[in-house]
$ cat input_33.pdb   # PDB, C-alpha atoms and all ligand atoms
ATOM      1  CA  MET R 244     152.823 117.455  69.822  1.00  0.00           C
ATOM      2  CA  LYS R 245     150.880 120.723  69.993  1.00  0.00           C
ATOM      3  CA  ASP R 246     148.337 119.181  72.340  1.00  0.00           C
ATOM      4  CA  ILE R 247     150.926 118.071  74.900  1.00  0.00           C
ATOM      5  CA  PHE R 248     151.782 120.342  77.835  1.00  0.00           C
ATOM      6  CA  PHE R 249     155.049 122.111  77.036  1.00  0.00           C
ATOM      7  CA  CYS R 250     156.751 124.431  79.497  1.00  0.00           C
ATOM      8  CA  PRO R 251     160.313 123.279  80.193  1.00  0.00           C
ATOM      9  CA  GLU R 252     160.924 125.840  82.955  1.00  0.00           C
ATOM     10  CA  GLU R 253     157.922 124.608  84.909  1.00  0.00           C
ATOM     11  CA  SER R 254     158.551 120.911  84.214  1.00  0.00           C
ATOM     12  CA  ASN R 255     162.200 121.244  85.311  1.00  0.00           C
ATOM     13  CA  PHE R 256     161.150 122.954  88.517  1.00  0.00           C
ATOM     14  CA  TYR R 257     158.678 120.142  89.201  1.00  0.00           C
ATOM     15  CA  SER R 258     161.439 117.619  88.508  1.00  0.00           C
ATOM     16  CA  ASN R 259     163.758 119.383  90.996  1.00  0.00           C
ATOM     17  CA  CYS R 260     161.034 119.421  93.646  1.00  0.00           C
ATOM     18  CA  LEU R 261     160.450 115.710  93.068  1.00  0.00           C
ATOM     19  CA  GLU R 262     164.130 114.981  93.532  1.00  0.00           C
ATOM     20  CA  ASN R 263     164.589 117.101  96.627  1.00  0.00           C
ATOM     21  CA  PHE R 264     161.355 116.334  98.435  1.00  0.00           C
ATOM     22  CA  VAL R 265     160.541 112.773  97.369  1.00  0.00           C
ATOM     23  CA  ILE R 266     163.027 110.673  95.399  1.00  0.00           C
ATOM     24  CA  ARG R 267     166.125 111.378  97.542  1.00  0.00           C
ATOM     25  CA  ASN R 268     164.149 110.965 100.778  1.00  0.00           C
ATOM     26  CA  CYS R 269     162.883 107.500  99.938  1.00  0.00           C
ATOM     27  CA  LYS R 270     164.801 105.046 102.086  1.00  0.00           C
ATOM     28  CA  LYS R 271     162.978 101.857 101.106  1.00  0.00           C
ATOM     29  CA  SER R 272     161.143 100.812  97.953  1.00  0.00           C
ATOM     30  CA  GLU R 273     158.345 103.302  98.284  1.00  0.00           C
ATOM     31  CA  LEU R 274     155.255 103.699  96.161  1.00  0.00           C
ATOM     32  CA  VAL R 275     154.499 107.026  94.530  1.00  0.00           C
ATOM     33  CA  VAL R 276     151.323 108.030  92.672  1.00  0.00           C
ATOM     34  CA  GLU R 277     151.475 110.852  90.148  1.00  0.00           C
ATOM     35  CA  PHE R 278     148.511 112.822  88.829  1.00  0.00           C
ATOM     36  CA  GLY R 279     148.978 114.284  85.312  1.00  0.00           C
ATOM     37  CA  SER R 280     152.287 112.860  84.063  1.00  0.00           C
ATOM     38  CA  GLY R 281     152.307 114.828  80.785  1.00  0.00           C
ATOM     39  CA  ASP R 282     155.140 113.637  78.520  1.00  0.00           C
ATOM     40  CA  GLY R 283     156.721 112.000  81.577  1.00  0.00           C
ATOM     41  CA  SER R 284     159.919 114.037  81.370  1.00  0.00           C
ATOM     42  CA  PRO R 285     159.956 115.399  84.957  1.00  0.00           C
ATOM     43  CA  VAL R 286     159.828 111.935  86.563  1.00  0.00           C
ATOM     44  CA  ILE R 287     162.063 110.339  83.919  1.00  0.00           C
ATOM     45  CA  ASN R 288     164.753 113.010  84.422  1.00  0.00           C
ATOM     46  CA  SER R 289     164.606 112.594  88.203  1.00  0.00           C
ATOM     47  CA  LEU R 290     164.910 108.820  87.877  1.00  0.00           C
ATOM     48  CA  LEU R 291     167.879 109.127  85.526  1.00  0.00           C
ATOM     49  CA  ARG R 292     169.704 111.408  87.979  1.00  0.00           C
ATOM     50  CA  ASN R 293     169.011 109.438  91.184  1.00  0.00           C
ATOM     51  CA  LYS R 294     168.932 105.976  92.609  1.00  0.00           C
ATOM     52  CA  PHE R 295     165.330 105.066  93.439  1.00  0.00           C
ATOM     53  CA  ASP R 296     164.166 101.604  94.449  1.00  0.00           C
ATOM     54  CA  GLY R 297     160.430 102.275  94.451  1.00  0.00           C
ATOM     55  CA  VAL R 298     157.746 102.400  91.758  1.00  0.00           C
ATOM     56  CA  ILE R 299     155.884 105.428  90.427  1.00  0.00           C
ATOM     57  CA  HIS R 300     152.343 104.977  89.094  1.00  0.00           C
ATOM     58  CA  GLY R 301     151.385 107.901  86.856  1.00  0.00           C
ATOM     59  CA  PHE R 302     147.909 108.853  85.599  1.00  0.00           C
ATOM     60  CA  GLU R 303     147.555 110.867  82.387  1.00  0.00           C
ATOM     61  CA  LEU R 304     144.306 111.476  80.501  1.00  0.00           C
ATOM     62  CA  ASN R 305     145.865 112.897  77.350  1.00  0.00           C
ATOM     63  CA  SER R 306     146.584 109.896  75.060  1.00  0.00           C
ATOM     64  CA  SER R 307     149.228 111.684  72.963  1.00  0.00           C
ATOM     65  CA  ALA R 308     151.180 112.642  76.076  1.00  0.00           C
ATOM     66  CA  TRP R 309     150.755 109.144  77.471  1.00  0.00           C
ATOM     67  CA  LYS R 310     152.195 107.601  74.258  1.00  0.00           C
ATOM     68  CA  VAL R 311     155.220 109.921  74.227  1.00  0.00           C
ATOM     69  CA  ALA R 312     155.863 109.197  77.907  1.00  0.00           C
ATOM     70  CA  ASN R 313     155.736 105.449  77.339  1.00  0.00           C
ATOM     71  CA  SER R 314     158.141 105.519  74.426  1.00  0.00           C
ATOM     72  CA  THR R 315     160.661 107.537  76.494  1.00  0.00           C
ATOM     73  CA  ILE R 316     160.214 105.151  79.423  1.00  0.00           C
ATOM     74  CA  ASP R 317     161.013 102.248  77.050  1.00  0.00           C
ATOM     75  CA  GLU R 318     163.990 104.055  75.595  1.00  0.00           C
ATOM     76  CA  TYR R 319     165.562 104.525  79.029  1.00  0.00           C
ATOM     77  CA  ASP R 320     164.635 101.083  80.296  1.00  0.00           C
ATOM     78  CA  LEU R 321     162.523 102.422  83.147  1.00  0.00           C
ATOM     79  CA  THR R 322     159.472 100.199  82.579  1.00  0.00           C
ATOM     80  CA  ASN R 323     159.782  98.575  86.014  1.00  0.00           C
ATOM     81  CA  LYS R 324     160.013 101.941  87.822  1.00  0.00           C
ATOM     82  CA  TYR R 325     157.533 104.223  86.047  1.00  0.00           C
ATOM     83  CA  ILE R 326     154.152 102.882  84.933  1.00  0.00           C
ATOM     84  CA  ILE R 327     151.644 105.320  83.436  1.00  0.00           C
ATOM     85  CA  HIS R 328     147.922 104.637  83.149  1.00  0.00           C
ATOM     86  CA  ASN R 329     145.923 106.410  80.447  1.00  0.00           C
ATOM     87  CA  SER R 330     143.129 107.293  82.859  1.00  0.00           C
ATOM     88  CA  CYS R 331     141.993 109.768  85.488  1.00  0.00           C
ATOM     89  CA  LEU R 332     143.162 109.140  89.057  1.00  0.00           C
ATOM     90  CA  PHE R 333     139.845 110.310  90.487  1.00  0.00           C
ATOM     91  CA  ASN R 334     137.876 107.747  88.467  1.00  0.00           C
ATOM     92  CA  SER R 335     140.288 104.870  89.087  1.00  0.00           C
ATOM     93  CA  SER R 336     140.791 102.771  92.169  1.00  0.00           C
ATOM     94  CA  GLN R 337     143.451 104.815  93.883  1.00  0.00           C
ATOM     95  CA  PRO R 338     146.623 102.854  94.604  1.00  0.00           C
ATOM     96  CA  ASP R 339     147.975 102.845  98.143  1.00  0.00           C
ATOM     97  CA  ALA R 340     151.125 104.932  98.159  1.00  0.00           C
ATOM     98  CA  ASP R 341     153.489 106.791 100.443  1.00  0.00           C
ATOM     99  CA  TYR R 342     153.444 109.893  98.249  1.00  0.00           C
ATOM    100  CA  LEU R 343     151.051 111.610  95.839  1.00  0.00           C
ATOM    101  CA  VAL R 344     152.851 114.001  93.494  1.00  0.00           C
ATOM    102  CA  ALA R 345     151.573 116.404  90.822  1.00  0.00           C
ATOM    103  CA  ASN R 346     152.110 119.474  88.747  1.00  0.00           C
ATOM    104  CA  PRO R 347     148.332 119.724  88.459  1.00  0.00           C
ATOM    105  CA  PRO R 348     146.172 121.702  86.034  1.00  0.00           C
ATOM    106  CA  TYR R 349     145.881 125.099  87.753  1.00  0.00           C
ATOM    107  CA  LEU R 350     144.573 127.598  85.199  1.00  0.00           C
ATOM    108  CA  PRO R 351     141.602 129.591  86.495  1.00  0.00           C
ATOM    109  CA  ALA R 352     138.918 130.476  83.911  1.00  0.00           C
ATOM    110  CA  PRO R 353     135.130 130.761  83.709  1.00  0.00           C
ATOM    111  CA  ASP R 354     135.048 127.352  81.916  1.00  0.00           C
ATOM    112  CA  ASN R 355     137.384 124.855  80.242  1.00  0.00           C
ATOM    113  CA  ASP R 356     137.181 126.372  76.755  1.00  0.00           C
ATOM    114  CA  ILE R 357     140.835 127.496  76.894  1.00  0.00           C
ATOM    115  CA  TYR R 358     143.965 126.736  74.775  1.00  0.00           C
ATOM    116  CA  MET R 359     144.358 123.343  76.476  1.00  0.00           C
ATOM    117  CA  PRO R 360     141.179 122.257  78.291  1.00  0.00           C
ATOM    118  CA  LEU R 361     143.067 119.661  80.353  1.00  0.00           C
ATOM    119  CA  LEU R 362     144.957 122.488  82.086  1.00  0.00           C
ATOM    120  CA  PHE R 363     141.710 123.917  83.493  1.00  0.00           C
ATOM    121  CA  GLY R 364     141.889 124.087  87.275  1.00  0.00           C
ATOM    122  CA  GLY R 365     138.290 125.083  87.938  1.00  0.00           C
ATOM    123  CA  VAL R 366     136.942 128.626  88.306  1.00  0.00           C
ATOM    124  CA  ASP R 367     139.553 129.650  90.900  1.00  0.00           C
ATOM    125  CA  GLY R 368     142.317 127.377  89.535  1.00  0.00           C
ATOM    126  CA  ALA R 369     142.614 125.456  92.826  1.00  0.00           C
ATOM    127  CA  THR R 370     139.866 122.856  92.346  1.00  0.00           C
ATOM    128  CA  ILE R 371     141.995 119.896  91.258  1.00  0.00           C
ATOM    129  CA  THR R 372     144.796 120.723  93.707  1.00  0.00           C
ATOM    130  CA  ASN R 373     142.263 120.823  96.525  1.00  0.00           C
ATOM    131  CA  GLU R 374     140.783 117.491  95.400  1.00  0.00           C
ATOM    132  CA  LEU R 375     144.267 115.953  95.458  1.00  0.00           C
ATOM    133  CA  LEU R 376     144.628 117.144  99.047  1.00  0.00           C
ATOM    134  CA  SER R 377     141.385 115.372  99.922  1.00  0.00           C
ATOM    135  CA  LEU R 378     142.468 111.850  98.904  1.00  0.00           C
ATOM    136  CA  ASP R 379     144.135 111.239 102.273  1.00  0.00           C
ATOM    137  CA  TYR R 380     147.656 110.346 101.105  1.00  0.00           C
ATOM    138  CA  GLU R 381     150.233 110.689 103.919  1.00  0.00           C
ATOM    139  CA  ASN R 382     152.579 112.914 101.863  1.00  0.00           C
ATOM    140  CA  VAL R 383     151.566 115.137  98.963  1.00  0.00           C
ATOM    141  CA  LEU R 384     153.911 117.116  96.726  1.00  0.00           C
ATOM    142  CA  VAL R 385     152.038 119.641  94.562  1.00  0.00           C
ATOM    143  CA  LEU R 386     152.920 122.762  92.645  1.00  0.00           C
ATOM    144  CA  ILE R 387     150.772 125.713  93.724  1.00  0.00           C
ATOM    145  CA  SER R 388     150.465 128.916  91.710  1.00  0.00           C
ATOM    146  CA  SER R 389     150.043 132.311  93.350  1.00  0.00           C
ATOM    147  CA  PHE R 390     147.241 133.167  90.901  1.00  0.00           C
ATOM    148  CA  SER R 391     145.162 130.075  91.711  1.00  0.00           C
ATOM    149  CA  ASN R 392     143.638 130.988  95.067  1.00  0.00           C
ATOM    150  CA  PRO R 393     146.624 129.664  97.054  1.00  0.00           C
ATOM    151  CA  ILE R 394     145.158 130.587 100.443  1.00  0.00           C
ATOM    152  CA  SER R 395     142.117 128.361  99.836  1.00  0.00           C
ATOM    153  CA  THR R 396     144.499 125.460  99.249  1.00  0.00           C
ATOM    154  CA  LEU R 397     146.475 126.124 102.430  1.00  0.00           C
ATOM    155  CA  ASN R 398     143.237 126.348 104.436  1.00  0.00           C
ATOM    156  CA  LEU R 399     141.828 123.165 102.908  1.00  0.00           C
ATOM    157  CA  ALA R 400     145.095 121.320 103.559  1.00  0.00           C
ATOM    158  CA  LYS R 401     145.024 122.392 107.214  1.00  0.00           C
ATOM    159  CA  GLN R 402     141.388 121.265 107.518  1.00  0.00           C
ATOM    160  CA  ASN R 403     142.430 117.890 106.110  1.00  0.00           C
ATOM    161  CA  GLY R 404     145.191 117.502 108.701  1.00  0.00           C
ATOM    162  CA  TYR R 405     148.210 118.503 106.600  1.00  0.00           C
ATOM    163  CA  CYS R 406     151.201 120.622 107.593  1.00  0.00           C
ATOM    164  CA  VAL R 407     153.530 122.285 105.091  1.00  0.00           C
ATOM    165  CA  SER R 408     156.726 120.374 105.723  1.00  0.00           C
ATOM    166  CA  ASN R 409     158.880 122.047 103.058  1.00  0.00           C
ATOM    167  CA  PHE R 410     158.568 124.302 100.023  1.00  0.00           C
ATOM    168  CA  MET R 411     160.508 126.101  97.304  1.00  0.00           C
ATOM    169  CA  VAL R 412     159.354 128.987  95.174  1.00  0.00           C
ATOM    170  CA  LEU R 413     160.093 129.927  91.562  1.00  0.00           C
ATOM    171  CA  PRO R 414     159.156 133.314  90.067  1.00  0.00           C
ATOM    172  CA  LEU R 415     157.717 132.590  86.619  1.00  0.00           C
ATOM    173  CA  GLN R 416     156.659 134.833  83.774  1.00  0.00           C
ATOM    174  CA  PHE R 417     153.116 134.380  82.459  1.00  0.00           C
ATOM    175  CA  GLY R 418     153.582 131.839  79.673  1.00  0.00           C
ATOM    176  CA  TYR R 419     151.668 130.676  76.622  1.00  0.00           C
ATOM    177  CA  TYR R 420     148.794 129.027  78.537  1.00  0.00           C
ATOM    178  CA  SER R 421     148.349 131.660  81.275  1.00  0.00           C
ATOM    179  CA  SER R 422     148.501 134.491  78.722  1.00  0.00           C
ATOM    180  CA  ASP R 423     145.399 133.156  76.936  1.00  0.00           C
ATOM    181  CA  PRO R 424     143.263 136.374  77.034  1.00  0.00           C
ATOM    182  CA  LYS R 425     140.336 134.506  78.597  1.00  0.00           C
ATOM    183  CA  VAL R 426     142.557 133.145  81.395  1.00  0.00           C
ATOM    184  CA  LYS R 427     144.445 136.416  81.941  1.00  0.00           C
ATOM    185  CA  LYS R 428     141.265 138.455  82.202  1.00  0.00           C
ATOM    186  CA  HIS R 429     139.841 135.997  84.700  1.00  0.00           C
ATOM    187  CA  ILE R 430     143.055 136.117  86.781  1.00  0.00           C
ATOM    188  CA  GLU R 431     142.758 139.918  86.889  1.00  0.00           C
ATOM    189  CA  LYS R 432     139.263 139.519  88.282  1.00  0.00           C
ATOM    190  CA  LEU R 433     140.436 137.029  90.921  1.00  0.00           C
ATOM    191  CA  ARG R 434     143.169 139.447  91.959  1.00  0.00           C
ATOM    192  CA  ARG R 435     140.576 142.055  92.901  1.00  0.00           C
ATOM    193  CA  ASN R 436     139.098 139.468  95.307  1.00  0.00           C
ATOM    194  CA  GLN R 437     142.464 138.496  96.843  1.00  0.00           C
ATOM    195  CA  MET R 438     142.329 135.131  95.100  1.00  0.00           C
ATOM    196  CA  ALA R 439     145.224 135.768  92.704  1.00  0.00           C
ATOM    197  CA  PHE R 440     148.613 137.341  93.412  1.00  0.00           C
ATOM    198  CA  TYR R 441     151.116 138.466  90.777  1.00  0.00           C
ATOM    199  CA  SER R 442     153.286 141.434  89.963  1.00  0.00           C
ATOM    200  CA  GLY R 443     153.531 142.755  86.396  1.00  0.00           C
ATOM    201  CA  ASP R 444     154.389 139.764  84.272  1.00  0.00           C
ATOM    202  CA  TYR R 445     155.446 137.531  87.152  1.00  0.00           C
ATOM    203  CA  TYR R 446     153.744 135.091  89.465  1.00  0.00           C
ATOM    204  CA  PHE R 447     155.096 132.580  91.966  1.00  0.00           C
ATOM    205  CA  LEU R 448     155.002 128.843  91.561  1.00  0.00           C
ATOM    206  CA  ALA R 449     155.657 126.916  94.771  1.00  0.00           C
ATOM    207  CA  GLY R 450     156.628 123.267  95.086  1.00  0.00           C
ATOM    208  CA  VAL R 451     155.011 122.292  98.373  1.00  0.00           C
ATOM    209  CA  LEU R 452     155.481 119.130 100.403  1.00  0.00           C
ATOM    210  CA  PHE R 453     152.441 118.525 102.612  1.00  0.00           C
ATOM    211  CA  LYS R 454     152.642 115.911 105.345  1.00  0.00           C
ATOM    212  CA  LYS R 455     149.915 114.732 107.688  1.00  0.00           C
ATOM    213  CA  CYS R 456     150.651 116.699 110.878  1.00  0.00           C
ATOM    214  CA  GLN R 457     152.543 114.972 113.690  1.00  0.00           C
ATOM    215  CA  ASP R 458     154.627 116.379 116.535  1.00  0.00           C
ATOM    216  CA  SER R 459     157.800 115.935 114.487  1.00  0.00           C
ATOM    217  CA  VAL R 460     156.588 118.109 111.572  1.00  0.00           C
ATOM    218  CA  ILE R 461     157.202 121.858 111.782  1.00  0.00           C
ATOM    219  CA  ASP R 462     154.374 123.595 109.911  1.00  0.00           C
ATOM    220  CA  LEU R 463     155.556 126.222 107.418  1.00  0.00           C
ATOM    221  CA  SER R 464     152.044 127.189 106.174  1.00  0.00           C
ATOM    222  CA  ASN R 465     152.207 130.749 107.488  1.00  0.00           C
ATOM    223  CA  GLN R 466     155.611 131.368 105.922  1.00  0.00           C
ATOM    224  CA  LEU R 467     154.381 130.000 102.586  1.00  0.00           C
ATOM    225  CA  ALA R 468     151.192 132.118 102.722  1.00  0.00           C
ATOM    226  CA  GLN R 469     153.312 135.191 103.357  1.00  0.00           C
ATOM    227  CA  VAL R 470     155.582 134.518 100.384  1.00  0.00           C
ATOM    228  CA  MET R 471     152.718 133.701  97.971  1.00  0.00           C
ATOM    229  CA  THR R 472     150.699 136.830  98.760  1.00  0.00           C
ATOM    230  CA  ASN R 473     153.647 139.231  98.861  1.00  0.00           C
ATOM    231  CA  LEU R 474     153.313 140.256  95.209  1.00  0.00           C
TER     232      LEU R 474
HETATM  233  C1  LIG P 501     150.507 121.138  84.143  1.00  0.00           C
HETATM  234  S1  LIG P 501     150.498 119.648  83.209  1.00  0.00           S
HETATM  235  C2  LIG P 501     151.898 118.811  83.931  1.00  0.00           C
HETATM  236  C3  LIG P 501     152.525 117.770  83.058  1.00  0.00           C
HETATM  237  C4  LIG P 501     153.854 117.183  83.599  1.00  0.00           C
HETATM  238  N1  LIG P 501     153.661 116.574  84.891  1.00  0.00           N
HETATM  239  C5  LIG P 501     154.886 118.270  83.677  1.00  0.00           C
HETATM  240  O1  LIG P 501     155.060 118.843  84.754  1.00  0.00           O
HETATM  241  O2  LIG P 501     155.518 118.543  82.645  1.00  0.00           O
HETATM  242  C6  LIG P 501     149.101 118.787  83.868  1.00  0.00           C
HETATM  243  C7  LIG P 501     148.820 117.445  83.215  1.00  0.00           C
HETATM  244  O3  LIG P 501     147.650 116.864  83.843  1.00  0.00           O
HETATM  245  C8  LIG P 501     146.908 116.154  82.860  1.00  0.00           C
HETATM  246  N2  LIG P 501     145.541 115.958  83.370  1.00  0.00           N
HETATM  247  C9  LIG P 501     144.540 116.874  83.496  1.00  0.00           C
HETATM  248  N3  LIG P 501     143.458 116.334  84.053  1.00  0.00           N
HETATM  249  C10 LIG P 501     143.754 115.037  84.318  1.00  0.00           C
HETATM  250  C11 LIG P 501     143.044 113.965  84.907  1.00  0.00           C
HETATM  251  N4  LIG P 501     141.787 114.115  85.365  1.00  0.00           N
HETATM  252  N5  LIG P 501     143.646 112.772  85.026  1.00  0.00           N
HETATM  253  C12 LIG P 501     144.937 112.596  84.591  1.00  0.00           C
HETATM  254  N6  LIG P 501     145.661 113.575  84.021  1.00  0.00           N
HETATM  255  C13 LIG P 501     145.094 114.787  83.883  1.00  0.00           C
HETATM  256  C14 LIG P 501     147.014 117.050  81.643  1.00  0.00           C
HETATM  257  O4  LIG P 501     146.718 116.360  80.455  1.00  0.00           O
HETATM  258  C15 LIG P 501     148.474 117.521  81.739  1.00  0.00           C
HETATM  259  O5  LIG P 501     149.318 116.656  81.028  1.00  0.00           O
END
$ encode --input "input_33.pdb" --output "structure tokens"
Amino acid sequence: MKDIFFCPEESNFYSNCLENFVIRNCKKSELVVEFGSGDGSPVINSLLRNKFDGVIHGFELNSSAWKVANSTIDEYDLTNKYIIHNSCLFNSSQPDADYLVANPPYLPAPDNDIYMPLLFGGVDGATITNELLSLDYENVLVLISSFSNPISTLNLAKQNGYCVSNFMVLPLQFGYYSSDPKVKKHIEKLRRNQMAFYSGDYYFLAGVLFKKCQDSVIDLSNQLAQVMTNL
């Protein structure tokens, strides 16, 4: 189990964002794609608490996490609602879907030799998040950390035609993975270049719903940028 992502506070927040921004808003049987399902608990908990007629296709590279997720899916009889592939979304043929959702790997570091290499988010921490916002899904729900160059993500999203339709923010204490000395030192360096924002032991994690801009969408990007950098 040691090699499976474990941070209940973060996973529960992701699960709440999923419920509020995706699952409860789905009127018909919508398709959802998830990048990095982990042990599956965030989606499973949301499905157990809500009525949802669609299907969620998860992608998880870590085989141990994938196995745990599948056995929980079986246990709760959710096999027709939540299907997880043991592969990388970027290297697979990407399913058409109404939503792409993820609590993506967002740890910044000089390289991926960190406690859990699959949590490496590129040198500034935003690489995978930014790639997810380049796949052209209509709606994207991602968690964004204030120490992972959040402004680059908001700029990239705008360039790709997205507005911030909704968000919620959780103050989080640096945990096991982000306190890895190699990661922490690198975050300190990013902070000097305005690419990481935190205060003492705390950073912000935002659950952000991006939507392709249309007249009906009010863009909250500036408000989100203000919150994320006000640390
Ligand atoms: C921050 S964890 C989130 C796990 C789970 N969604 C949660 O919130 O508890 C990110 C997950 O992405 C997975 N991952 C990293 N790179 C991946 C890739 N290229 N394809 C699929 N999954 C990946 C990791 O193994 C890890 O389980």
$ atom_distance --input "input_33.pdb" --atom1 "CA of Leu274 (chain R)" --atom2 "CA of Gln337 (chain R)"
12.1 Å
$ resolve_selection --input "input_33.pdb" --expression "the PyMOL selection byres (((chain R and resi 420) around 12) and not hetatm)" --output "list in words"
Asp246, Ile247, Phe248, Phe249, Cys250, Glu253, Pro348, Tyr349, Leu350, Pro351, Ala352, Ile357, Tyr358, Met359, Pro360, Leu361, Leu362, Phe363, Gln416, Phe417, Gly418, Tyr419, Ser421, Ser422, Asp423, Pro424, Lys425, Val426 and Lys427 of chain R
$ resolve_selection --input "input_33.pdb" --expression "the PyMOL selection byres (((chain R and resi 255) around 12) and not hetatm)" --output "list in words"
Phe249, Cys250, Pro251, Glu252, Glu253, Ser254, Phe256, Tyr257, Ser258, Asn259, Cys260, Leu261, Glu262, Gly283, Ser284, Pro285, Val286, Ile287, Asn288, Ser289, Asn346, Leu386, Leu413 and Gly450 of chain R
$ write_last_selection --input "input_33.pdb" --atoms "C-alpha atoms" --output "PDB file, in the coordinates of the input"
ATOM      1  CA  PHE R 249     155.049 122.111  77.036  1.00  0.00           C
ATOM      2  CA  CYS R 250     156.751 124.431  79.497  1.00  0.00           C
ATOM      3  CA  PRO R 251     160.313 123.279  80.193  1.00  0.00           C
ATOM      4  CA  GLU R 252     160.924 125.840  82.955  1.00  0.00           C
ATOM      5  CA  GLU R 253     157.922 124.608  84.909  1.00  0.00           C
ATOM      6  CA  SER R 254     158.551 120.911  84.214  1.00  0.00           C
ATOM      7  CA  PHE R 256     161.150 122.954  88.517  1.00  0.00           C
ATOM      8  CA  TYR R 257     158.678 120.142  89.201  1.00  0.00           C
ATOM      9  CA  SER R 258     161.439 117.619  88.508  1.00  0.00           C
ATOM     10  CA  ASN R 259     163.758 119.383  90.996  1.00  0.00           C
ATOM     11  CA  CYS R 260     161.034 119.421  93.646  1.00  0.00           C
ATOM     12  CA  LEU R 261     160.450 115.710  93.068  1.00  0.00           C
ATOM     13  CA  GLU R 262     164.130 114.981  93.532  1.00  0.00           C
ATOM     14  CA  GLY R 283     156.721 112.000  81.577  1.00  0.00           C
ATOM     15  CA  SER R 284     159.919 114.037  81.370  1.00  0.00           C
ATOM     16  CA  PRO R 285     159.956 115.399  84.957  1.00  0.00           C
ATOM     17  CA  VAL R 286     159.828 111.935  86.563  1.00  0.00           C
ATOM     18  CA  ILE R 287     162.063 110.339  83.919  1.00  0.00           C
ATOM     19  CA  ASN R 288     164.753 113.010  84.422  1.00  0.00           C
ATOM     20  CA  SER R 289     164.606 112.594  88.203  1.00  0.00           C
ATOM     21  CA  ASN R 346     152.110 119.474  88.747  1.00  0.00           C
ATOM     22  CA  LEU R 386     152.920 122.762  92.645  1.00  0.00           C
ATOM     23  CA  LEU R 413     160.093 129.927  91.562  1.00  0.00           C
ATOM     24  CA  GLY R 450     156.628 123.267  95.086  1.00  0.00           C
TER      25      GLY R 450
END
$ resolve_selection --input "input_33.pdb" --expression "the PyMOL selection byres (((chain R and resi 407) around 8) and not hetatm)" --output "PDB file with C-alpha atoms, keeping the file's coordinate frame"
ATOM      1  CA  TYR R 405     148.210 118.503 106.600  1.00  0.00           C
ATOM      2  CA  CYS R 406     151.201 120.622 107.593  1.00  0.00           C
ATOM      3  CA  SER R 408     156.726 120.374 105.723  1.00  0.00           C
ATOM      4  CA  ASN R 409     158.880 122.047 103.058  1.00  0.00           C
ATOM      5  CA  PHE R 410     158.568 124.302 100.023  1.00  0.00           C
ATOM      6  CA  VAL R 451     155.011 122.292  98.373  1.00  0.00           C
ATOM      7  CA  LEU R 452     155.481 119.130 100.403  1.00  0.00           C
ATOM      8  CA  PHE R 453     152.441 118.525 102.612  1.00  0.00           C
ATOM      9  CA  LYS R 454     152.642 115.911 105.345  1.00  0.00           C
ATOM     10  CA  ILE R 461     157.202 121.858 111.782  1.00  0.00           C
ATOM     11  CA  ASP R 462     154.374 123.595 109.911  1.00  0.00           C
ATOM     12  CA  LEU R 463     155.556 126.222 107.418  1.00  0.00           C
ATOM     13  CA  SER R 464     152.044 127.189 106.174  1.00  0.00           C
TER      14      SER R 464
END
$ axis_aligned_box --input "input_33.pdb" --around "ligand LIG 501 (chain P)" --padding-each-side "8 Å" --output "JSON"
{"center_x": 148.7, "center_y": 116.9, "center_z": 82.9, "size_x": 29.7, "size_y": 24.5, "size_z": 20.9}
$ closest_residue --input "input_33.pdb" --among "R:Met438, R:Tyr342, R:Thr315, R:Ser306" --to "Gly368 (chain R)" --atoms "all atoms listed in the file"
R:Met438
$ closest_residue --input "input_33.pdb" --among "R:Asn392, R:Asn263, R:Ser336, R:Asn382" --to "Gly365 (chain R)" --atoms "all atoms listed in the file"
R:Asn392
$ atom_distance --input "input_33.pdb" --atom1 "atom C13 of ligand LIG 501 (chain P)" --atom2 "CA of Tyr325 (chain R)"
16.5 Å
$ decode --input "input_33.pdb" --residues "region 247-258 of chain R" --atoms "C-alpha atoms" --output "short mmCIF file (atom, residue, chain, number, x, y, z; two decimals), in the first residue's frame"
data_model
loop_
_atom_site.label_atom_id
_atom_site.label_comp_id
_atom_site.auth_asym_id
_atom_site.auth_seq_id
_atom_site.Cartn_x
_atom_site.Cartn_y
_atom_site.Cartn_z
CA ILE R 247 -0.34 4.21 -3.45
CA PHE R 248 -1.15 7.91 -3.11
CA PHE R 249 -2.52 8.49 0.39
CA CYS R 250 -3.77 11.88 1.54
CA PRO R 251 -7.37 11.65 2.75
CA GLU R 252 -7.78 15.41 3.20
CA GLU R 253 -6.84 16.05 -0.42
CA SER R 254 -8.79 13.09 -1.81
CA ASN R 255 -11.93 14.14 0.12
CA PHE R 256 -11.63 17.67 -1.20
CA TYR R 257 -11.33 16.31 -4.75
CA SER R 258 -14.38 14.13 -4.12
#
